[in-house]
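Next comes query_32.cif, a file with mmCIF, C-alpha atoms.
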```cif
data_my_file
#
loop_
_atom_site.group_PDB
_atom_site.id
_atom_site.type_symbol
_atom_site.label_atom_id
_atom_site.label_comp_id
_atom_site.auth_asym_id
_atom_site.auth_seq_id
_atom_site.Cartn_x
_atom_site.Cartn_y
_atom_site.Cartn_z
ATOM 1 C CA MET A 1 1.967 58.245 45.436
ATOM 2 C CA VAL A 2 2.806 54.531 45.541
ATOM 3 C CA THR A 3 4.832 53.122 48.435
ATOM 4 C CA GLY A 4 6.177 49.572 48.429
ATOM 5 C CA ILE A 5 6.207 47.608 51.687
ATOM 6 C CA CYS A 6 8.812 44.863 51.764
ATOM 7 C CA GLY A 7 10.517 42.680 54.332
ATOM 8 C CA GLY A 8 11.426 39.051 54.834
ATOM 9 C CA ILE A 9 9.083 36.399 56.144
ATOM 10 C CA GLY A 10 8.203 37.008 59.788
ATOM 11 C CA SER A 11 9.336 40.632 59.695
ATOM 12 C CA GLY A 12 5.816 41.938 60.241
ATOM 13 C CA LYS A 13 5.082 43.717 56.951
ATOM 14 C CA SER A 14 1.535 42.346 56.905
ATOM 15 C CA VAL A 15 0.919 43.927 60.317
ATOM 16 C CA VAL A 16 2.069 47.259 58.894
ATOM 17 C CA SER A 17 -0.344 46.752 55.989
ATOM 18 C CA ARG A 18 -3.247 46.024 58.334
ATOM 19 C CA LEU A 19 -2.436 49.148 60.306
ATOM 20 C CA LEU A 20 -2.462 51.225 57.114
ATOM 21 C CA ARG A 21 -5.831 49.775 56.079
ATOM 22 C CA LEU A 22 -7.233 50.734 59.466
ATOM 23 C CA ARG A 23 -5.996 54.258 58.774
ATOM 24 C CA GLY A 24 -7.991 54.318 55.526
ATOM 25 C CA TYR A 25 -5.352 53.453 52.915
ATOM 26 C CA ASP A 26 -5.642 50.873 50.130
ATOM 27 C CA VAL A 27 -2.914 48.212 50.209
ATOM 28 C CA TYR A 28 -2.257 45.784 47.357
ATOM 29 C CA ASP A 29 -1.175 42.402 48.747
ATOM 30 C CA CYS A 30 0.997 40.836 46.025
ATOM 31 C CA ASP A 31 1.103 37.412 47.684
ATOM 32 C CA MET A 32 -2.670 37.208 48.006
ATOM 33 C CA GLU A 33 -3.235 38.465 44.459
ATOM 34 C CA ALA A 34 -0.665 36.011 43.077
ATOM 35 C CA ARG A 35 -2.498 33.156 44.816
ATOM 36 C CA GLY A 36 -5.732 34.330 43.240
ATOM 37 C CA ILE A 37 -4.133 34.451 39.805
ATOM 38 C CA MET A 38 -2.684 30.951 40.207
ATOM 39 C CA ALA A 39 -6.067 29.658 41.343
ATOM 40 C CA SER A 40 -8.018 31.248 38.469
ATOM 41 C CA SER A 41 -5.600 30.824 35.550
ATOM 42 C CA ARG A 42 -6.134 27.562 33.689
ATOM 43 C CA GLU A 43 -2.867 28.121 31.815
ATOM 44 C CA ILE A 44 -0.829 28.350 35.040
ATOM 45 C CA ARG A 45 -2.643 25.394 36.581
ATOM 46 C CA GLU A 46 -1.925 23.181 33.577
ATOM 47 C CA ALA A 47 1.709 24.315 33.475
ATOM 48 C CA MET A 48 2.205 23.413 37.150
ATOM 49 C CA GLU A 49 0.464 20.054 36.771
ATOM 50 C CA ASN A 50 2.625 19.217 33.755
ATOM 51 C CA ARG A 51 5.821 20.315 35.495
ATOM 52 C CA TRP A 52 5.145 18.533 38.810
ATOM 53 C CA PRO A 53 2.842 15.603 37.934
ATOM 54 C CA ALA A 54 4.023 13.417 40.815
ATOM 55 C CA MET A 55 3.117 16.049 43.411
ATOM 56 C CA ASP A 56 -0.600 16.036 42.549
ATOM 57 C CA ILE A 57 -0.891 19.631 43.764
ATOM 58 C CA TYR A 58 -4.577 19.902 42.780
ATOM 59 C CA ALA A 59 -5.662 16.626 44.370
ATOM 60 C CA GLY A 60 -8.491 18.265 46.309
ATOM 61 C CA GLY A 61 -9.614 20.451 43.433
ATOM 62 C CA GLU A 62 -7.763 23.504 44.724
ATOM 63 C CA MET A 63 -4.049 24.255 44.692
ATOM 64 C CA ASP A 64 -2.229 22.764 47.684
ATOM 65 C CA ARG A 65 -0.111 25.760 48.726
ATOM 66 C CA ALA A 66 1.974 23.690 51.151
ATOM 67 C CA LYS A 67 3.053 21.331 48.374
ATOM 68 C CA VAL A 68 3.911 24.203 46.052
ATOM 69 C CA ALA A 69 5.874 25.957 48.815
ATOM 70 C CA ALA A 70 7.801 22.748 49.538
ATOM 71 C CA ILE A 71 8.836 22.577 45.880
ATOM 72 C CA VAL A 72 9.810 26.185 45.256
ATOM 73 C CA PHE A 73 11.544 26.880 48.558
ATOM 74 C CA ALA A 74 13.699 23.785 48.131
ATOM 75 C CA ASP A 75 14.790 24.523 44.561
ATOM 76 C CA ALA A 76 15.766 27.967 43.278
ATOM 77 C CA ALA A 77 15.240 26.900 39.650
ATOM 78 C CA GLU A 78 11.671 25.799 40.335
ATOM 79 C CA ARG A 79 11.017 29.023 42.225
ATOM 80 C CA ALA A 80 12.341 31.073 39.306
ATOM 81 C CA TRP A 81 10.150 29.115 36.881
ATOM 82 C CA LEU A 82 6.983 29.726 38.901
ATOM 83 C CA ASP A 83 7.876 33.394 39.376
ATOM 84 C CA SER A 84 8.280 33.774 35.625
ATOM 85 C CA MET A 85 4.768 32.397 35.176
ATOM 86 C CA VAL A 86 3.147 34.682 37.723
ATOM 87 C CA HIS A 87 5.112 37.977 37.952
ATOM 88 C CA GLY A 88 3.976 39.383 34.614
ATOM 89 C CA ARG A 89 0.318 38.809 35.448
ATOM 90 C CA VAL A 90 0.716 40.381 38.896
ATOM 91 C CA ARG A 91 2.430 43.407 37.340
ATOM 92 C CA GLU A 92 -0.429 43.886 34.867
ATOM 93 C CA HIS A 93 -3.049 43.514 37.594
ATOM 94 C CA LEU A 94 -1.178 45.909 39.894
ATOM 95 C CA ALA A 95 -0.825 48.520 37.128
ATOM 96 C CA ALA A 96 -4.589 48.455 36.560
ATOM 97 C CA TRP A 97 -5.218 48.619 40.328
ATOM 98 C CA ILE A 98 -2.999 51.697 40.669
ATOM 99 C CA ALA A 99 -4.544 53.365 37.616
ATOM 100 C CA ALA A 100 -8.005 52.914 39.095
ATOM 101 C CA ARG A 101 -6.835 54.846 42.156
ATOM 102 C CA SER A 102 -5.129 57.690 40.315
ATOM 103 C CA GLY A 103 -4.284 60.552 42.658
ATOM 104 C CA GLU A 104 -4.693 58.448 45.788
ATOM 105 C CA ARG A 105 -2.033 57.449 48.336
ATOM 106 C CA VAL A 106 -1.638 53.660 48.004
ATOM 107 C CA PHE A 107 0.687 50.909 49.211
ATOM 108 C CA VAL A 108 2.008 47.680 47.672
ATOM 109 C CA GLU A 109 3.069 44.815 49.947
ATOM 110 C CA SER A 110 5.502 42.211 48.612
ATOM 111 C CA ALA A 111 8.195 39.976 50.093
ATOM 112 C CA ILE A 112 10.006 40.040 46.737
ATOM 113 C CA LEU A 113 9.437 43.657 45.763
ATOM 114 C CA PHE A 114 12.957 44.024 44.341
ATOM 115 C CA SER A 115 13.633 40.710 42.642
ATOM 116 C CA SER A 116 10.200 40.846 40.992
ATOM 117 C CA GLY A 117 10.906 44.345 39.648
ATOM 118 C CA LEU A 118 7.743 45.746 41.245
ATOM 119 C CA TRP A 119 9.818 48.337 43.121
ATOM 120 C CA GLN A 120 10.053 50.207 39.803
ATOM 121 C CA MET A 121 6.343 50.985 40.084
ATOM 122 C CA CYS A 122 6.834 52.628 43.498
ATOM 123 C CA ASN A 123 7.845 56.153 44.483
ATOM 124 C CA ASP A 124 9.574 54.878 47.591
ATOM 125 C CA VAL A 125 9.843 51.777 49.779
ATOM 126 C CA TRP A 126 9.263 50.939 53.426
ATOM 127 C CA GLU A 127 11.422 48.014 54.524
ATOM 128 C CA VAL A 128 10.053 46.276 57.625
ATOM 129 C CA THR A 129 12.669 44.595 59.814
ATOM 130 C CA ALA A 130 12.791 42.527 62.997
ATOM 131 C CA PRO A 131 15.454 40.468 64.829
ATOM 132 C CA GLU A 132 15.897 37.042 63.263
ATOM 133 C CA ASP A 133 15.145 35.115 66.456
ATOM 134 C CA LEU A 134 11.803 36.926 66.725
ATOM 135 C CA ARG A 135 11.055 36.240 63.064
ATOM 136 C CA ILE A 136 11.727 32.543 63.605
ATOM 137 C CA ARG A 137 9.332 32.448 66.570
ATOM 138 C CA ARG A 138 6.638 34.199 64.538
ATOM 139 C CA ILE A 139 7.016 31.753 61.638
ATOM 140 C CA MET A 140 6.873 28.766 63.982
ATOM 141 C CA THR A 141 3.736 30.080 65.672
ATOM 142 C CA ARG A 142 1.769 30.781 62.520
ATOM 143 C CA SER A 143 3.039 28.044 60.193
ATOM 144 C CA GLY A 144 3.780 25.084 62.453
ATOM 145 C CA MET A 145 7.373 24.850 61.212
ATOM 146 C CA ASP A 146 10.229 23.948 63.498
ATOM 147 C CA ALA A 147 13.078 26.391 64.120
ATOM 148 C CA ALA A 148 15.329 24.883 61.434
ATOM 149 C CA GLN A 149 12.606 25.064 58.794
ATOM 150 C CA ALA A 150 11.818 28.657 59.726
ATOM 151 C CA ALA A 151 15.497 29.608 59.516
ATOM 152 C CA ASP A 152 15.752 27.932 56.109
ATOM 153 C CA ARG A 153 12.759 29.905 54.841
ATOM 154 C CA ILE A 154 14.414 33.150 56.006
ATOM 155 C CA GLY A 155 17.640 32.085 54.310
ATOM 156 C CA VAL A 156 15.901 31.643 50.959
ATOM 157 C CA GLN A 157 14.910 35.317 51.027
ATOM 158 C CA ARG A 158 18.274 36.562 52.292
ATOM 159 C CA GLY A 159 19.436 37.755 48.884
ATOM 160 C CA GLU A 160 16.316 39.884 48.472
ATOM 161 C CA GLU A 161 16.993 41.601 51.803
ATOM 162 C CA THR A 162 20.727 42.177 51.373
ATOM 163 C CA HIS A 163 20.598 43.719 47.902
ATOM 164 C CA SER A 164 17.547 45.911 48.418
ATOM 165 C CA ALA A 165 19.488 48.893 49.785
ATOM 166 C CA ARG A 166 21.534 49.084 46.577
ATOM 167 C CA ARG A 167 18.491 49.889 44.451
ATOM 168 C CA ASN A 168 17.903 53.394 43.190
ATOM 169 C CA VAL A 169 14.944 54.043 45.474
ATOM 170 C CA THR A 170 14.500 55.778 48.819
ATOM 171 C CA ILE A 171 14.092 53.221 51.612
ATOM 172 C CA HIS A 172 12.531 53.992 54.994
ATOM 173 C CA ASN A 173 13.134 51.382 57.685
ATOM 174 C CA ILE A 174 10.321 50.319 60.030
ATOM 175 C CA VAL A 175 11.242 48.197 63.054
ATOM 176 C CA ASN A 176 8.580 45.690 64.148
ATOM 177 C CA ASP A 177 10.339 44.070 67.097
ATOM 178 C CA GLY A 178 7.585 44.182 69.700
ATOM 179 C CA LEU A 179 9.443 46.909 71.596
ATOM 180 C CA HIS A 180 9.013 49.950 69.357
ATOM 181 C CA SER A 181 5.531 51.394 68.808
ATOM 182 C CA LEU A 182 4.599 50.206 65.336
ATOM 183 C CA LEU A 183 2.158 53.075 64.888
ATOM 184 C CA ARG A 184 4.963 55.492 65.761
ATOM 185 C CA GLU A 185 7.288 53.769 63.277
ATOM 186 C CA VAL A 186 4.702 54.173 60.508
ATOM 187 C CA GLU A 187 4.167 57.833 61.381
ATOM 188 C CA LEU A 188 7.920 58.475 61.287
ATOM 189 C CA ALA A 189 8.201 56.801 57.870
ATOM 190 C CA GLN A 190 5.416 59.006 56.544
ATOM 191 C CA LYS A 191 7.083 62.130 57.934
ATOM 192 C CA LYS A 192 10.412 61.225 56.291
ATOM 193 C CA GLU A 193 8.566 60.508 53.067
ATOM 194 C CA ASN A 194 6.808 63.894 53.135
ATOM 195 C CA LYS A 195 10.107 65.708 53.617
ATOM 196 C CA ILE A 196 11.586 64.023 50.557
ATOM 197 C CA SER A 197 8.502 64.654 48.377
ATOM 198 C CA THR A 198 8.562 68.392 49.140
ATOM 199 C CA LYS A 199 12.239 68.924 48.277
#
```
How does the structure come out when it is put into structure tokens?
Amino acid sequence: MVTGICGGIGSGKSVVSRLLRLRGYDVYDCDMEARGIMASSREIREAMENRWPAMDIYAGGEMDRAKVAAIVFADAAERAWLDSMVHGRVREHLAAWIAARSGERVFVESAILFSSGLWQMCNDVWEVTAPEDLRIRRIMTRSGMDAAQAADRIGVQRGEETHSARRNVTIHNIVNDGLHSLLREVELAQKKENKISTK
């Protein structure tokens, strides 16, 4: 059983993932794994250096994530190019990760679960949501952005959020607004999921 965990930046999906790990489940973090792939792949490194030579994104020997983020979040074409370089490798790595845990209950966390096509590898999806003003405050606190920058980052992912419900997959909503018990929200999602799997 593979469940995808999605949600826009600042929604709190990583908190849900941490809670699941504490409960004994394995969670595949697509963002973290993609960073590892970009850091270890000489082919991807050379492609990025050739595409953005003026940015000097490996000046310190390691990829400057802030510089890369500034490029791809400001230009949809550049974001699509980088995604095309990385998505296939993440999909292959995820497939092997799932296969190694055959028969287990596992989770896959991704902010772009739908646009990347990774939702097709999941039995169902949990979509984590939170009010936008709270998301902006969370982004500002952890990333040092101002409110306008945080709102822009949310806006970039808006298409992913608005079209997700139209996919042919069961979606369970989890609210992480600081008011609802997150543990209770996770338990409710699992109960709904169990009802569907036994039909």
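Our summary of the geometry notes that atom CA of Glu193 of chain A is positioned 22.0 Å from atom CA of Ala95 of chain A.
Remark: for Leu118 of chain A, the closest of the candidate residues A:Arg35, A:Arg42, A:His172, A:Arg89 is A:Arg89 (distances computed over only C-alpha atoms).
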Contacts of Trp52 of chain A at 12 Å (all atoms listed in the file; same-chain gap of 3+ positions) as a PyMOL selection string: chain A and resi 45-49+55-58+67-68+70-72+78+81-82
Limited to C-alpha atoms, could you put the picked residues into a file as an mmCIF file, in the coordinates of the input?
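Ended up saving to selection15.cif:
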```cif
data_model
loop_
_atom_site.group_PDB
_atom_site.id
_atom_site.type_symbol
_atom_site.label_atom_id
_atom_site.label_comp_id
_atom_site.auth_asym_id
_atom_site.auth_seq_id
_atom_site.Cartn_x
_atom_site.Cartn_y
_atom_site.Cartn_z
ATOM 1 C CA ARG A 45 -2.643 25.394 36.581
ATOM 2 C CA GLU A 46 -1.925 23.181 33.577
ATOM 3 C CA ALA A 47 1.709 24.315 33.475
ATOM 4 C CA MET A 48 2.205 23.413 37.150
ATOM 5 C CA GLU A 49 0.464 20.054 36.771
ATOM 6 C CA MET A 55 3.117 16.049 43.411
ATOM 7 C CA ASP A 56 -0.600 16.036 42.549
ATOM 8 C CA ILE A 57 -0.891 19.631 43.764
ATOM 9 C CA TYR A 58 -4.577 19.902 42.780
ATOM 10 C CA LYS A 67 3.053 21.331 48.374
ATOM 11 C CA VAL A 68 3.911 24.203 46.052
ATOM 12 C CA ALA A 70 7.801 22.748 49.538
ATOM 13 C CA ILE A 71 8.836 22.577 45.880
ATOM 14 C CA VAL A 72 9.810 26.185 45.256
ATOM 15 C CA GLU A 78 11.671 25.799 40.335
ATOM 16 C CA TRP A 81 10.150 29.115 36.881
ATOM 17 C CA LEU A 82 6.983 29.726 38.901
#
```
Resolved residues for the PyMOL selection byres ((chain A and resi 185-192) around 12) as a VMD selection string: chain A and resid 1 3 5 13 15 to 20 23 105 107 124 to 129 170 to 184 193 to 199
Between atom CA of Met85 of chain A and atom CA of Ile44 of chain A - distance in Å to one decimal: 6.9 Å
Residue IDs satisfying the PyMOL selection byres ((chain A and resi 100-103) around 12), as a PyMOL selection string: chain A and resi 1-2+25-28+93-99+104-107
Selection under test: the PyMOL selection byres ((chain A and resi 112) around 12); residues as an MDAnalysis selection string: chainID A and resid 4:9 13 29:31 34 79:80 83 87 108:111 113:119 127 156:164
Separation of atom CA of Asp64 of chain A from atom CA of Gly36 of chain A in Å: 12.9 Å
Pick from A:Asn123, A:Val90, A:Ala77, A:Gly10 nearest to Ala151 of chain A, counting all atoms listed in the file: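 Answer, going by the shortest atom-to-atom distance: A:Gly10.
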Given all atoms listed in the file as the counted atoms, nearest of A:Met121, A:Ser84, A:Asn50, A:Ala69 to Val169 of chain A: A:Met121
Padding of 3 Å on every side, edges along x, y and z, all listed atoms of segment 146-153 of chain A included: what centre and edge lengths in Å, to one decimal, does that box have, as AutoDock Vina command-line options?
```
--center_x 13.0 --center_y 26.9 --center_z 59.5 --size_x 11.5 --size_y 12.0 --size_z 15.3
```
